[in-house]
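Enquirer: To be precise about what I am sending: the file is called query_38.txt and holds compact mmCIF, C-alpha atoms.
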```txt
# COMPACT_ATOMS: atom_id res chain seq x y z
CA MET A 1 11.79 6.23 30.87
CA GLU A 2 8.75 8.49 31.10
CA ALA A 3 5.28 7.02 30.67
CA LYS A 4 4.61 8.94 27.44
CA TYR A 5 7.72 7.45 25.85
CA LYS A 6 6.77 3.94 26.95
CA LYS A 7 3.35 4.44 25.38
CA ARG A 8 4.87 5.52 22.05
CA ILE A 9 7.25 2.57 22.04
CA LEU A 10 4.32 0.27 22.76
CA TRP A 11 2.43 1.71 19.76
CA GLY A 12 5.53 1.29 17.62
CA LEU A 13 5.87 -2.30 18.77
CA VAL A 14 2.22 -3.00 17.93
CA MET A 15 2.67 -1.51 14.43
CA THR A 16 5.84 -3.56 13.94
CA VAL A 17 4.18 -6.82 15.01
CA VAL A 18 1.12 -6.18 12.82
CA GLY A 19 3.41 -5.26 9.91
CA LEU A 20 5.41 -8.47 10.33
CA ALA A 21 2.22 -10.53 10.55
CA GLY A 22 0.85 -8.89 7.41
CA PHE A 23 4.12 -9.50 5.61
CA PHE A 24 4.33 -13.20 6.45
CA LEU A 25 0.63 -13.66 5.59
CA ARG A 26 0.88 -11.69 2.35
CA LYS A 27 0.24 -14.74 0.16
CA PHE A 28 -3.21 -14.98 1.73
CA LEU A 29 -3.98 -11.30 2.47
CA TYR A 30 -2.23 -9.64 -0.52
CA THR A 31 -0.98 -6.89 1.80
CA GLY A 32 2.78 -7.13 1.32
CA ILE A 33 3.44 -3.46 0.55
CA LEU A 34 1.04 -2.15 3.19
CA ALA A 35 2.71 -4.44 5.71
CA LEU A 36 6.16 -3.11 4.80
CA PHE A 37 4.97 0.49 5.16
CA LEU A 38 3.45 -0.30 8.57
CA LEU A 39 6.60 -2.14 9.63
CA GLY A 40 8.73 0.83 8.63
CA PHE A 41 6.57 3.32 10.51
CA GLY A 42 6.57 1.11 13.62
CA LEU A 43 10.35 0.76 13.65
CA ALA A 44 10.79 4.49 13.01
CA LEU A 45 8.45 5.39 15.87
CA MET A 46 10.32 3.16 18.32
CA ALA A 47 13.73 4.40 17.20
CA LEU A 48 12.76 8.06 17.39
CA THR A 49 11.12 7.64 20.77
CA PHE A 50 14.19 5.89 22.16
CA ILE A 51 16.49 8.63 20.83
CA ARG A 52 14.19 11.33 22.21
CA SER A 53 14.23 9.75 25.67
CA LYS A 54 18.01 9.33 25.80
CA ALA A 55 19.56 12.09 23.68
CA GLY A 56 20.26 15.66 24.67
CA ARG A 57 18.26 18.58 23.35
CA ARG A 58 20.69 19.56 20.57
CA VAL A 59 21.09 16.00 19.32
CA TRP A 60 17.33 15.43 19.34
CA LYS A 61 16.73 18.68 17.47
CA ALA A 62 19.12 17.64 14.70
CA VAL A 63 17.55 14.17 14.48
CA SER A 64 14.03 15.62 14.50
CA ILE A 65 14.74 18.13 11.72
CA THR A 66 16.37 15.45 9.57
CA PHE A 67 13.56 12.96 10.05
CA HIS A 68 10.75 15.47 9.46
CA SER A 69 12.49 16.80 6.34
CA PHE A 70 12.74 13.32 4.83
CA PHE A 71 9.19 12.47 5.89
CA LEU A 72 7.84 15.68 4.31
CA LEU A 73 9.69 14.87 1.10
CA PHE A 74 8.25 11.36 1.12
CA LEU A 75 4.73 12.61 1.84
CA VAL A 76 4.72 15.24 -0.89
CA SER A 77 6.18 12.87 -3.48
CA PHE A 78 3.75 10.14 -2.45
CA LEU A 79 0.73 12.45 -2.82
CA VAL A 80 1.90 13.71 -6.22
CA ALA A 81 2.57 10.19 -7.49
CA GLU A 82 -0.72 8.82 -6.22
CA GLY A 83 -2.57 11.80 -7.71
CA LEU A 84 -1.18 10.96 -11.14
CA VAL A 85 -1.91 7.25 -10.71
CA ILE A 86 -5.47 7.80 -9.48
CA GLY A 87 -6.22 10.46 -12.10
CA THR A 88 -5.16 8.17 -14.94
CA ALA A 89 -7.08 5.28 -13.36
CA VAL A 90 -10.32 7.28 -13.26
CA LYS A 91 -9.88 8.40 -16.86
CA SER A 92 -9.10 4.86 -18.02
CA VAL A 93 -12.18 3.36 -16.38
CA ARG A 94 -14.36 5.95 -18.16
CA GLN A 95 -12.59 5.74 -21.54
CA ASP A 96 -14.66 5.64 -24.74
CA THR A 97 -14.73 2.01 -25.87
CA ARG A 98 -14.72 2.86 -29.57
CA LEU A 99 -11.13 2.80 -30.78
CA PRO A 100 -9.76 5.09 -33.52
CA ASP A 101 -9.42 3.49 -36.95
CA ASP A 102 -5.61 3.49 -36.76
CA VAL A 103 -5.51 1.40 -33.56
CA GLU A 104 -5.25 -2.30 -34.42
CA TYR A 105 -3.72 -3.83 -31.27
CA ILE A 106 -4.99 -4.28 -27.72
CA LEU A 107 -2.13 -4.89 -25.28
CA VAL A 108 -2.66 -6.87 -22.07
CA PRO A 109 0.27 -7.23 -19.62
CA GLY A 110 0.24 -10.39 -17.51
CA ALA A 111 -0.55 -10.31 -13.78
CA GLY A 112 0.21 -13.66 -12.20
CA LEU A 113 -1.41 -17.08 -12.28
CA MET A 114 -3.28 -19.38 -9.94
CA GLY A 115 -2.11 -22.76 -11.12
CA GLU A 116 -2.64 -22.65 -14.88
CA ASN A 117 -5.36 -20.01 -14.72
CA PRO A 118 -5.14 -16.20 -14.63
CA SER A 119 -5.25 -14.58 -11.20
CA TYR A 120 -8.11 -12.31 -10.14
CA LEU A 121 -6.26 -9.15 -11.23
CA TYR A 122 -5.23 -10.77 -14.52
CA ARG A 123 -8.84 -11.83 -15.23
CA LEU A 124 -9.96 -8.23 -14.79
CA ARG A 125 -7.51 -7.20 -17.49
CA LEU A 126 -8.49 -10.02 -19.83
CA ASP A 127 -12.22 -9.42 -19.40
CA GLU A 128 -11.77 -5.71 -20.15
CA ALA A 129 -9.73 -6.60 -23.24
CA LEU A 130 -12.46 -9.02 -24.31
CA SER A 131 -15.13 -6.31 -23.99
CA LEU A 132 -12.96 -3.90 -25.97
CA TYR A 133 -12.31 -6.52 -28.64
CA LYS A 134 -16.05 -7.14 -29.10
CA GLU A 135 -16.61 -3.40 -29.53
CA ASN A 136 -13.80 -3.17 -32.09
CA PRO A 137 -13.87 -6.15 -34.46
CA GLY A 138 -10.72 -6.60 -36.48
CA CYS A 139 -8.34 -5.76 -33.64
CA THR A 140 -5.67 -8.17 -32.41
CA ILE A 141 -5.19 -8.84 -28.70
CA VAL A 142 -1.53 -9.12 -27.71
CA VAL A 143 -1.09 -10.83 -24.33
CA LEU A 144 2.29 -10.10 -22.71
CA GLY A 145 4.08 -12.05 -20.01
CA GLY A 146 6.61 -14.82 -19.48
CA GLN A 147 6.85 -17.59 -16.92
CA GLY A 148 7.87 -16.76 -13.35
CA ASP A 149 9.78 -19.14 -11.10
CA ASP A 150 6.60 -20.23 -9.32
CA GLU A 151 4.36 -20.44 -12.43
CA MET A 152 3.42 -23.54 -14.41
CA LEU A 153 3.35 -21.82 -17.81
CA PRO A 154 3.90 -18.35 -19.30
CA GLU A 155 1.31 -15.78 -18.25
CA ALA A 156 0.69 -14.83 -21.88
CA GLU A 157 -0.10 -18.44 -22.78
CA ALA A 158 -2.57 -18.71 -19.89
CA GLY A 159 -4.16 -15.42 -20.96
CA LYS A 160 -4.42 -16.59 -24.56
CA ARG A 161 -6.14 -19.82 -23.51
CA TYR A 162 -8.57 -17.82 -21.34
CA LEU A 163 -9.54 -15.51 -24.21
CA ILE A 164 -9.98 -18.41 -26.65
CA ARG A 165 -12.28 -20.15 -24.13
CA LYS A 166 -14.26 -16.91 -24.01
CA GLY A 167 -14.79 -17.02 -27.77
CA VAL A 168 -11.93 -15.00 -29.27
CA PRO A 169 -10.62 -16.68 -32.45
CA GLU A 170 -7.13 -18.08 -31.97
CA GLY A 171 -5.87 -16.05 -34.93
CA ASP A 172 -6.83 -12.82 -33.16
CA VAL A 173 -4.68 -13.48 -30.06
CA VAL A 174 -0.89 -13.17 -30.01
CA ALA A 175 1.07 -14.36 -26.97
CA GLU A 176 4.45 -12.82 -26.10
CA CYS A 177 5.90 -15.31 -23.62
CA ARG A 178 9.38 -13.98 -22.75
CA SER A 179 8.91 -10.73 -20.81
CA LEU A 180 9.18 -10.88 -17.02
CA ASP A 181 8.05 -7.42 -15.96
CA THR A 182 6.05 -4.46 -17.27
CA ALA A 183 9.07 -2.76 -18.83
CA GLU A 184 9.94 -5.88 -20.79
CA ASN A 185 6.27 -6.28 -21.80
CA LEU A 186 6.42 -3.02 -23.75
CA GLN A 187 9.97 -3.53 -25.02
CA ASN A 188 9.17 -6.93 -26.46
CA PHE A 189 5.92 -5.75 -28.02
CA LYS A 190 7.83 -2.98 -29.79
CA ALA A 191 10.39 -5.54 -30.99
CA MET A 192 7.61 -7.78 -32.34
CA PHE A 193 5.74 -4.92 -34.04
CA PRO A 194 8.32 -2.17 -34.70
CA GLY A 195 6.00 -0.23 -36.99
CA VAL A 196 3.23 0.18 -34.41
CA GLU A 197 3.18 3.64 -32.84
CA ARG A 198 -0.31 3.61 -31.32
CA ALA A 199 -2.27 0.93 -29.46
CA ALA A 200 -4.89 0.33 -26.80
CA LEU A 201 -3.54 -0.89 -23.48
CA VAL A 202 -5.60 -2.74 -20.89
CA SER A 203 -4.50 -3.17 -17.29
CA ASN A 204 -5.71 -2.70 -13.72
CA ASP A 205 -6.69 0.79 -12.60
CA PHE A 206 -3.61 1.21 -10.40
CA HIS A 207 -1.27 0.07 -13.19
CA VAL A 208 -2.28 2.07 -16.28
CA TYR A 209 -0.33 5.26 -15.46
CA ARG A 210 3.02 3.50 -15.24
CA CYS A 211 2.18 1.37 -18.28
CA SER A 212 1.55 4.56 -20.26
CA LEU A 213 4.94 5.96 -19.20
CA LEU A 214 6.75 2.76 -20.17
CA ALA A 215 4.93 2.64 -23.50
CA LYS A 216 5.95 6.22 -24.25
CA ARG A 217 9.56 5.33 -23.41
CA ASN A 218 9.34 2.69 -26.17
CA GLY A 219 7.82 5.05 -28.71
CA ILE A 220 4.24 3.82 -28.34
CA GLU A 221 1.27 6.09 -27.71
CA VAL A 222 -1.34 4.11 -25.80
CA ILE A 223 -5.00 4.63 -25.06
CA PRO A 224 -5.35 3.23 -21.51
CA TYR A 225 -8.31 1.11 -20.40
CA ALA A 226 -8.94 -0.36 -16.96
CA ARG A 227 -11.46 -1.97 -14.69
CA VAL A 228 -11.86 -1.01 -11.05
CA THR A 229 -9.97 -3.47 -8.85
CA GLY A 230 -12.99 -3.68 -6.58
CA ARG A 231 -11.44 -5.22 -3.47
CA VAL A 232 -10.43 -2.58 -0.95
CA HIS A 233 -7.37 -4.35 0.48
CA LEU A 234 -6.04 -5.06 -3.02
CA SER A 235 -6.60 -1.47 -4.12
CA LEU A 236 -4.83 -0.03 -1.08
CA ASN A 237 -1.91 -2.42 -1.44
CA TYR A 238 -1.34 -2.02 -5.16
CA PHE A 239 -1.96 1.72 -5.37
CA ALA A 240 0.65 2.10 -2.60
CA ARG A 241 3.01 -0.22 -4.46
CA GLU A 242 2.86 2.03 -7.52
CA TYR A 243 4.71 4.72 -5.57
CA ILE A 244 7.72 2.41 -5.20
CA SER A 245 7.41 1.32 -8.82
CA LEU A 246 7.41 4.93 -10.02
CA VAL A 247 10.50 5.69 -7.95
CA ILE A 248 12.22 2.78 -9.70
CA TYR A 249 10.95 4.10 -13.05
CA LEU A 250 12.52 7.51 -12.35
CA ILE A 251 15.83 5.90 -11.36
CA GLU A 252 15.85 3.83 -14.54
CA SER A 253 15.01 6.93 -16.59
CA GLY A 254 18.37 8.30 -15.44
CA GLY A 255 20.16 5.33 -16.95
CA THR A 256 20.52 3.02 -13.93
CA ILE A 257 18.67 -0.23 -14.62
CA ILE A 258 17.17 -2.08 -11.65
CA ASP A 259 16.45 -5.69 -12.55
CA THR A 260 13.13 -6.66 -10.96
CA ALA A 261 12.28 -9.40 -13.45
CA ASN A 262 11.22 -12.75 -12.05
CA PHE A 263 11.21 -11.47 -8.46
CA HIS A 264 8.52 -12.51 -6.02
CA LEU A 265 7.72 -10.82 -2.73
CA GLN A 266 8.32 -13.96 -0.66
CA GLU A 267 12.00 -13.62 -1.62
CA PHE A 268 12.24 -10.08 -0.23
CA LEU A 269 14.58 -11.04 2.59
CA HIS A 270 17.07 -12.70 0.25
CA PRO A 271 20.21 -10.69 -0.61
CA GLY A 272 20.20 -8.90 -3.96
CA TYR A 273 16.46 -8.53 -4.32
CA ILE A 274 14.24 -5.46 -4.23
CA LEU A 275 10.50 -4.91 -4.36
CA SER A 276 8.75 -6.48 -7.32
CA VAL A 277 7.26 -4.07 -9.81
```
Could you write out this file's structure as structure tokens?

Expert:
Amino acid sequence: MEAKYKKRILWGLVMTVVGLAGFFLRKFLYTGILALFLLGFGLALMALTFIRSKAGRRVWKAVSITFHSFFLLFLVSFLVAEGLVIGTAVKSVRQDTRLPDDVEYILVPGAGLMGENPSYLYRLRLDEALSLYKENPGCTIVVLGGQGDDEMLPEAEAGKRYLIRKGVPEGDVVAECRSLDTAENLQNFKAMFPGVERAALVSNDFHVYRCSLLAKRNGIEVIPYARVTGRVHLSLNYFAREYISLVIYLIESGGTIIDTANFHLQEFLHPGYILSV
């Protein structure tokens, strides 16, 4: 094998090893999706280099055209999706905090727990909802989220306790404790309040675009609010994850339902599971 091919395989091996390390350390680094992307690129680089070194010219040309066509499709779709996600995130961070008179509910999807307390990303959502509530007295905060397999209590219940500790009257917080993903969050809210057609929705910056799409699917017009995630590795990981989540959203829009409820990334290698959204 020529030296240039050995060098490419070495780079692919390095990317694969780093991707695997990032994947198995994801609980500490929060880089699961980035690790999977890196792992995929590393494996692809090694496979293509091996084929290039062994295959004939015509075979390699066919493989090269196929790969580059799929990669171009992925790249264009990724850039379009991320443009929509980032554009909505920027708008949501800068949103006017004074709600219209016909908006009475502030929706907050859950985002994981640390023990019995909201995670960092969840606290960002709850703190933004708290600020919005103080600016708009008379609104009701609806916290959405059930209990995952590795959680001690429903996310909505933990969020409700957090807001009450922060001074929100108990009567102004409603906890929906059955939904296990973002789609169910909006479905169950609509079931609880069928007459509501407009609401404020608070989430993380990377999450508000998809939340708005899912709310529209359930007949709810939302005004999105968000806080900047702030931590670079979290932002990169979760903005990248939204691409996969939007692909799943498009598939489900065609009528094929992909059940991602109650899935956790550490179970990725188990049969029957896909990426959590």

Enquirer: Of the candidates A:Ala240, A:Leu75, A:Cys139, A:Ala55, which one gets nearest to A:Leu99 if we count all atoms listed in the file?

Expert: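 Selected residue with least distance to A:Leu99: A:Cys139.
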
Enquirer: Name the closest residue to A:Gly146 among the candidates A:Val173, A:Ile51, A:Ile33, A:Ala158; distances are taken between atoms, counting only C-alpha atoms.

Expert: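 The answer is A:Ala158, which sits nearest to A:Gly146.
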
Enquirer: Could you tell me how far atom CA of A:Ser77 sits from atom CA of A:Glu242, in Å to one decimal place?

Expert: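 For atom CA of A:Glu242 relative to atom CA of A:Ser77, the distance reads 12.0 Å.
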
Enquirer: Pick out the closest residue to A:Thr229 from this set: A:Phe74, A:Tyr133, A:Tyr122, A:Tyr249. Count only C-alpha atoms.

Expert: A:Tyr122

Enquirer: Kindly give the distance, in Å, that separates atom CA of A:Ala21 and atom CA of A:Glu151, rounded to a single decimal.

Expert: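 Between atom CA of A:Ala21 and atom CA of A:Glu151 the gap is 25.1 Å.
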
Enquirer: State, in Å with one decimal place, the distance from atom CA of A:Ala129 to atom CA of A:Ile106.

Expert: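 Calculated distance between atom CA of A:Ala129 and atom CA of A:Ile106 is 6.9 Å.
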
Enquirer: For each of A:Pro109, A:Pro154, A:Gly87, A:Pro118, take the minimum atom-to-atom distance to A:Ala215, counting all atoms listed in the file, then give the residue where this is smallest.

Expert: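 Residue with the minimum atom-to-atom distance to A:Ala215: A:Pro109.
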